[in-house]
Every structure is written in structure tokens, then in C-alpha cells.
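Source file: work.pdb. Holds: PDB, C-alpha atoms, pLDDT in the B column.
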```
ATOM      1  CA  SER F   1       0.000   0.000   0.000  1.00 72.00           C
ATOM      2  CA  PRO F   2       1.193   3.596  -0.507  1.00 80.00           C
ATOM      3  CA  ALA F   3       1.197   4.358   3.225  1.00 80.00           C
ATOM      4  CA  VAL F   4       3.513   1.441   3.967  1.00 80.00           C
ATOM      5  CA  ALA F   5       5.807   2.363   1.083  1.00 78.00           C
ATOM      6  CA  GLN F   6       5.960   5.947   2.294  1.00 74.00           C
ATOM      7  CA  MET F   7       6.763   4.827   5.846  1.00 75.00           C
ATOM      8  CA  ALA F   8       9.467   2.447   4.610  1.00 73.00           C
ATOM      9  CA  PHE F   9      11.017   5.227   2.522  1.00 70.00           C
ATOM     10  CA  LYS F  10      11.042   7.542   5.536  1.00 68.00           C
ATOM     11  CA  VAL F  11      12.693   4.897   7.742  1.00 65.00           C
ATOM     12  CA  ARG F  12      15.382   4.187   5.136  1.00 66.00           C
ATOM     13  CA  THR F  13      16.185   7.819   4.338  1.00 64.00           C
ATOM     14  CA  GLN F  14      15.969   9.568   7.709  1.00 63.00           C
ATOM     15  CA  PRO F  15      18.580   8.639  10.308  1.00 57.00           C
ATOM     16  CA  ARG F  16      17.610   7.976  13.904  1.00 58.00           C
ATOM     17  CA  PRO F  17      17.833  11.169  15.986  1.00 57.00           C
ATOM     18  CA  TYR F  18      20.876   9.999  17.954  1.00 51.00           C
ATOM     19  CA  ARG F  19      22.793   9.400  14.702  1.00 58.00           C
ATOM     20  CA  ARG F  20      22.299  12.888  13.304  1.00 59.00           C
ATOM     21  CA  THR F  21      25.346  15.157  13.394  1.00 72.00           C
ATOM     22  CA  GLU F  22      23.479  17.990  15.134  1.00 79.00           C
ATOM     23  CA  VAL F  23      22.444  15.711  17.983  1.00 77.00           C
ATOM     24  CA  LYS F  24      25.964  14.306  18.301  1.00 81.00           C
ATOM     25  CA  ASP F  25      27.301  17.869  18.523  1.00 85.00           C
ATOM     26  CA  GLU F  26      24.754  18.761  21.209  1.00 88.00           C
ATOM     27  CA  VAL F  27      25.618  15.648  23.211  1.00 87.00           C
ATOM     28  CA  ALA F  28      29.319  16.515  22.899  1.00 89.00           C
ATOM     29  CA  ALA F  29      28.525  19.981  24.260  1.00 92.00           C
ATOM     30  CA  LEU F  30      26.679  18.429  27.215  1.00 93.00           C
ATOM     31  CA  ARG F  31      29.612  16.101  27.875  1.00 93.00           C
ATOM     32  CA  SER F  32      32.041  19.031  27.811  1.00 93.00           C
ATOM     33  CA  ARG F  33      30.178  20.586  30.755  1.00 94.00           C
ATOM     34  CA  LEU F  34      31.048  17.622  32.972  1.00 94.00           C
ATOM     35  CA  SER F  35      34.014  17.504  35.307  1.00 95.00           C
ATOM     36  CA  ASP F  36      37.294  16.153  33.940  1.00 94.00           C
ATOM     37  CA  GLU F  37      36.873  12.950  35.954  1.00 95.00           C
ATOM     38  CA  ASP F  38      33.365  12.372  34.595  1.00 96.00           C
ATOM     39  CA  GLN F  39      34.520  13.048  31.041  1.00 95.00           C
ATOM     40  CA  LEU F  40      37.364  10.566  31.491  1.00 95.00           C
ATOM     41  CA  LEU F  41      34.931   8.000  32.852  1.00 96.00           C
ATOM     42  CA  LEU F  42      32.676   8.394  29.798  1.00 95.00           C
ATOM     43  CA  ILE F  43      35.611   8.168  27.411  1.00 94.00           C
ATOM     44  CA  LEU F  44      36.916   4.999  29.016  1.00 95.00           C
ATOM     45  CA  ARG F  45      33.562   3.229  29.292  1.00 97.00           C
ATOM     46  CA  VAL F  46      31.546   4.490  26.313  1.00 93.00           C
ATOM     47  CA  ASP F  47      34.143   5.405  23.716  1.00 91.00           C
ATOM     48  CA  ARG F  48      36.813   2.805  24.492  1.00 94.00           C
ATOM     49  CA  ARG F  49      34.488   0.164  26.007  1.00 95.00           C
ATOM     50  CA  LEU F  50      36.924  -0.789  28.743  1.00 96.00           C
ATOM     51  CA  PRO F  51      35.837  -3.195  31.478  1.00 97.00           C
ATOM     52  CA  TRP F  52      35.073  -1.758  34.905  1.00 96.00           C
ATOM     53  CA  ALA F  53      38.170  -3.242  36.552  1.00 93.00           C
ATOM     54  CA  GLU F  54      40.484  -1.521  34.055  1.00 93.00           C
ATOM     55  CA  ILE F  55      38.646   1.763  34.456  1.00 95.00           C
ATOM     56  CA  ALA F  56      38.955   1.489  38.219  1.00 94.00           C
ATOM     57  CA  GLN F  57      42.682   0.852  37.983  1.00 92.00           C
ATOM     58  CA  ILE F  58      43.131   3.876  35.707  1.00 91.00           C
ATOM     59  CA  MET F  59      41.075   6.073  38.012  1.00 92.00           C
ATOM     60  CA  LEU F  60      43.090   4.918  41.027  1.00 90.00           C
ATOM     61  CA  GLU F  61      46.303   5.944  39.268  1.00 83.00           C
ATOM     62  CA  ASP F  62      48.023   3.026  40.980  1.00 76.00           C
ATOM     63  CA  ASP F  63      50.041   0.496  39.004  1.00 76.00           C
ATOM     64  CA  ALA F  64      49.407  -2.329  41.450  1.00 81.00           C
ATOM     65  CA  PRO F  65      46.419  -1.667  43.726  1.00 81.00           C
ATOM     66  CA  ASP F  66      45.415  -4.318  46.237  1.00 91.00           C
ATOM     67  CA  GLN F  67      42.268  -6.290  45.454  1.00 93.00           C
ATOM     68  CA  ALA F  68      40.171  -4.613  48.146  1.00 94.00           C
ATOM     69  CA  ALA F  69      40.996  -1.129  46.851  1.00 92.00           C
ATOM     70  CA  LEU F  70      40.353  -2.203  43.268  1.00 93.00           C
ATOM     71  CA  LYS F  71      36.993  -3.738  44.186  1.00 95.00           C
ATOM     72  CA  LYS F  72      35.964  -0.611  46.083  1.00 96.00           C
ATOM     73  CA  GLU F  73      37.021   1.665  43.220  1.00 95.00           C
ATOM     74  CA  THR F  74      35.202  -0.523  40.697  1.00 96.00           C
ATOM     75  CA  ALA F  75      31.978  -0.125  42.662  1.00 97.00           C
ATOM     76  CA  ARG F  76      32.568   3.623  42.956  1.00 97.00           C
ATOM     77  CA  VAL F  77      33.134   4.189  39.232  1.00 97.00           C
ATOM     78  CA  ARG F  78      30.112   2.074  38.303  1.00 98.00           C
ATOM     79  CA  LYS F  79      27.925   4.149  40.587  1.00 98.00           C
ATOM     80  CA  ARG F  80      29.488   7.378  39.339  1.00 97.00           C
ATOM     81  CA  PHE F  81      28.835   6.283  35.748  1.00 97.00           C
ATOM     82  CA  GLN F  82      25.184   5.676  36.598  1.00 98.00           C
ATOM     83  CA  LEU F  83      24.908   9.177  38.109  1.00 97.00           C
ATOM     84  CA  VAL F  84      26.625  10.778  35.103  1.00 97.00           C
ATOM     85  CA  LYS F  85      24.234   8.998  32.729  1.00 95.00           C
ATOM     86  CA  GLU F  86      21.263  10.299  34.709  1.00 96.00           C
ATOM     87  CA  GLN F  87      22.747  13.796  34.726  1.00 95.00           C
ATOM     88  CA  LEU F  88      23.289  13.728  30.958  1.00 93.00           C
ATOM     89  CA  LYS F  89      19.797  12.383  30.339  1.00 93.00           C
ATOM     90  CA  LYS F  90      18.268  15.145  32.451  1.00 94.00           C
ATOM     91  CA  ALA F  91      20.315  17.778  30.605  1.00 93.00           C
ATOM     92  CA  ALA F  92      19.345  16.268  27.229  1.00 90.00           C
ATOM     93  CA  ILE F  93      15.682  16.438  28.152  1.00 91.00           C
ATOM     94  CA  GLU F  94      16.022  20.031  29.344  1.00 92.00           C
ATOM     95  CA  THR F  95      17.734  21.090  26.112  1.00 88.00           C
ATOM     96  CA  GLY F  96      15.253  19.214  23.932  1.00 87.00           C
ATOM     97  CA  ILE F  97      17.626  16.577  22.575  1.00 81.00           C
ATOM     98  CA  LEU F  98      15.418  13.823  24.002  1.00 78.00           C
TER      99      LEU F  98
END
```
Would it be possible to restate this file's structure as C-alpha cells?
Amino acid sequence: SPAVAQMAFKVRTQPRPYRRTEVKDEVAALRSRLSDEDQLLLILRVDRRLPWAEIAQIMLEDDAPDQAALKKETARVRKRFQLVKEQLKKAAIETGIL
């Protein structure tokens, strides 16, 4: 039917909002407002896709942390990541990105 063909054309030709360059630029601007530590956390987890244990070791800035310190830091960075995501989502809603 023409309605289905029109919808299929629209889906194929229009990128999802999060893939558009303008949205990416706005998200980058929101990320730039974060603290250096939060930006580093996003880079390591989202951009580089590092596991939590490696992120924790980097954030500790210790070449050989003991297991208890590493476990505690892993929990801290996971929680911090969750808070940063919520903060970014709230800012994206306020600016109209989402």
C-alpha cells in the first residue's frame, strides 16, 4: 500500500535522531560541561568500552592496587557512571535533545 511504502522510505532515508550530526554535537557539548573525571569515565567506558576493573585501575592511578581497593574503586566508578548517565539524560531532556 502507498502508506507502507511511504513509511518504509522515511525509515530508510531519515537517520535515527541519535545518529544525526546535530544531535551528536549537542551531546558533545553536554559532555564538555562535565568535570574532567566524569569526562574521562565516559571516554573509558563508552568510547573505548573498557571493562570496569580496568577503568577502576586507571582512576586509582596506581600500578598495582590491592584487590580490596580495586573492588571498592570498581563499585565507585560504576555508581558514578550511573549518576553521570542520569545527569546527561536530564540535561538532554532540558535542552530538547530527548
| request: Spell out the residues picked by the PyMOL selection byres ((chain F and resi 76-84) around 9) here, as a list in words. | output: Leu34, Asp38, Leu41, Leu42, Arg45, Trp52, Ile55, Ala56, Met59, Lys71, Lys72, Glu73, Thr74, Ala75, Lys85, Glu86, Gln87, Leu88 and Lys89 of chain F
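Evaluated against this file, the PyMOL selection byres ((chain F and resi 30) around 12) yields Val23, Lys24, Asp25, Glu26, Val27, Ala28, Ala29, Arg31, Ser32, Arg33, Leu34, Ser35, Asp38, Gln39, Leu42, Val84, Lys85, Gln87, Leu88, Lys89, Lys90, Ala91, Ala92, Ile93, Glu94, Thr95, Gly96 and Ile97 of chain F.
With CA of Ala68 (chain F) on one side and CA of Ile43 (chain F) on the other, the separation reads 24.8 Å.
CA of Leu60 (chain F) is found 11.4 Å from CA of Glu37 (chain F).
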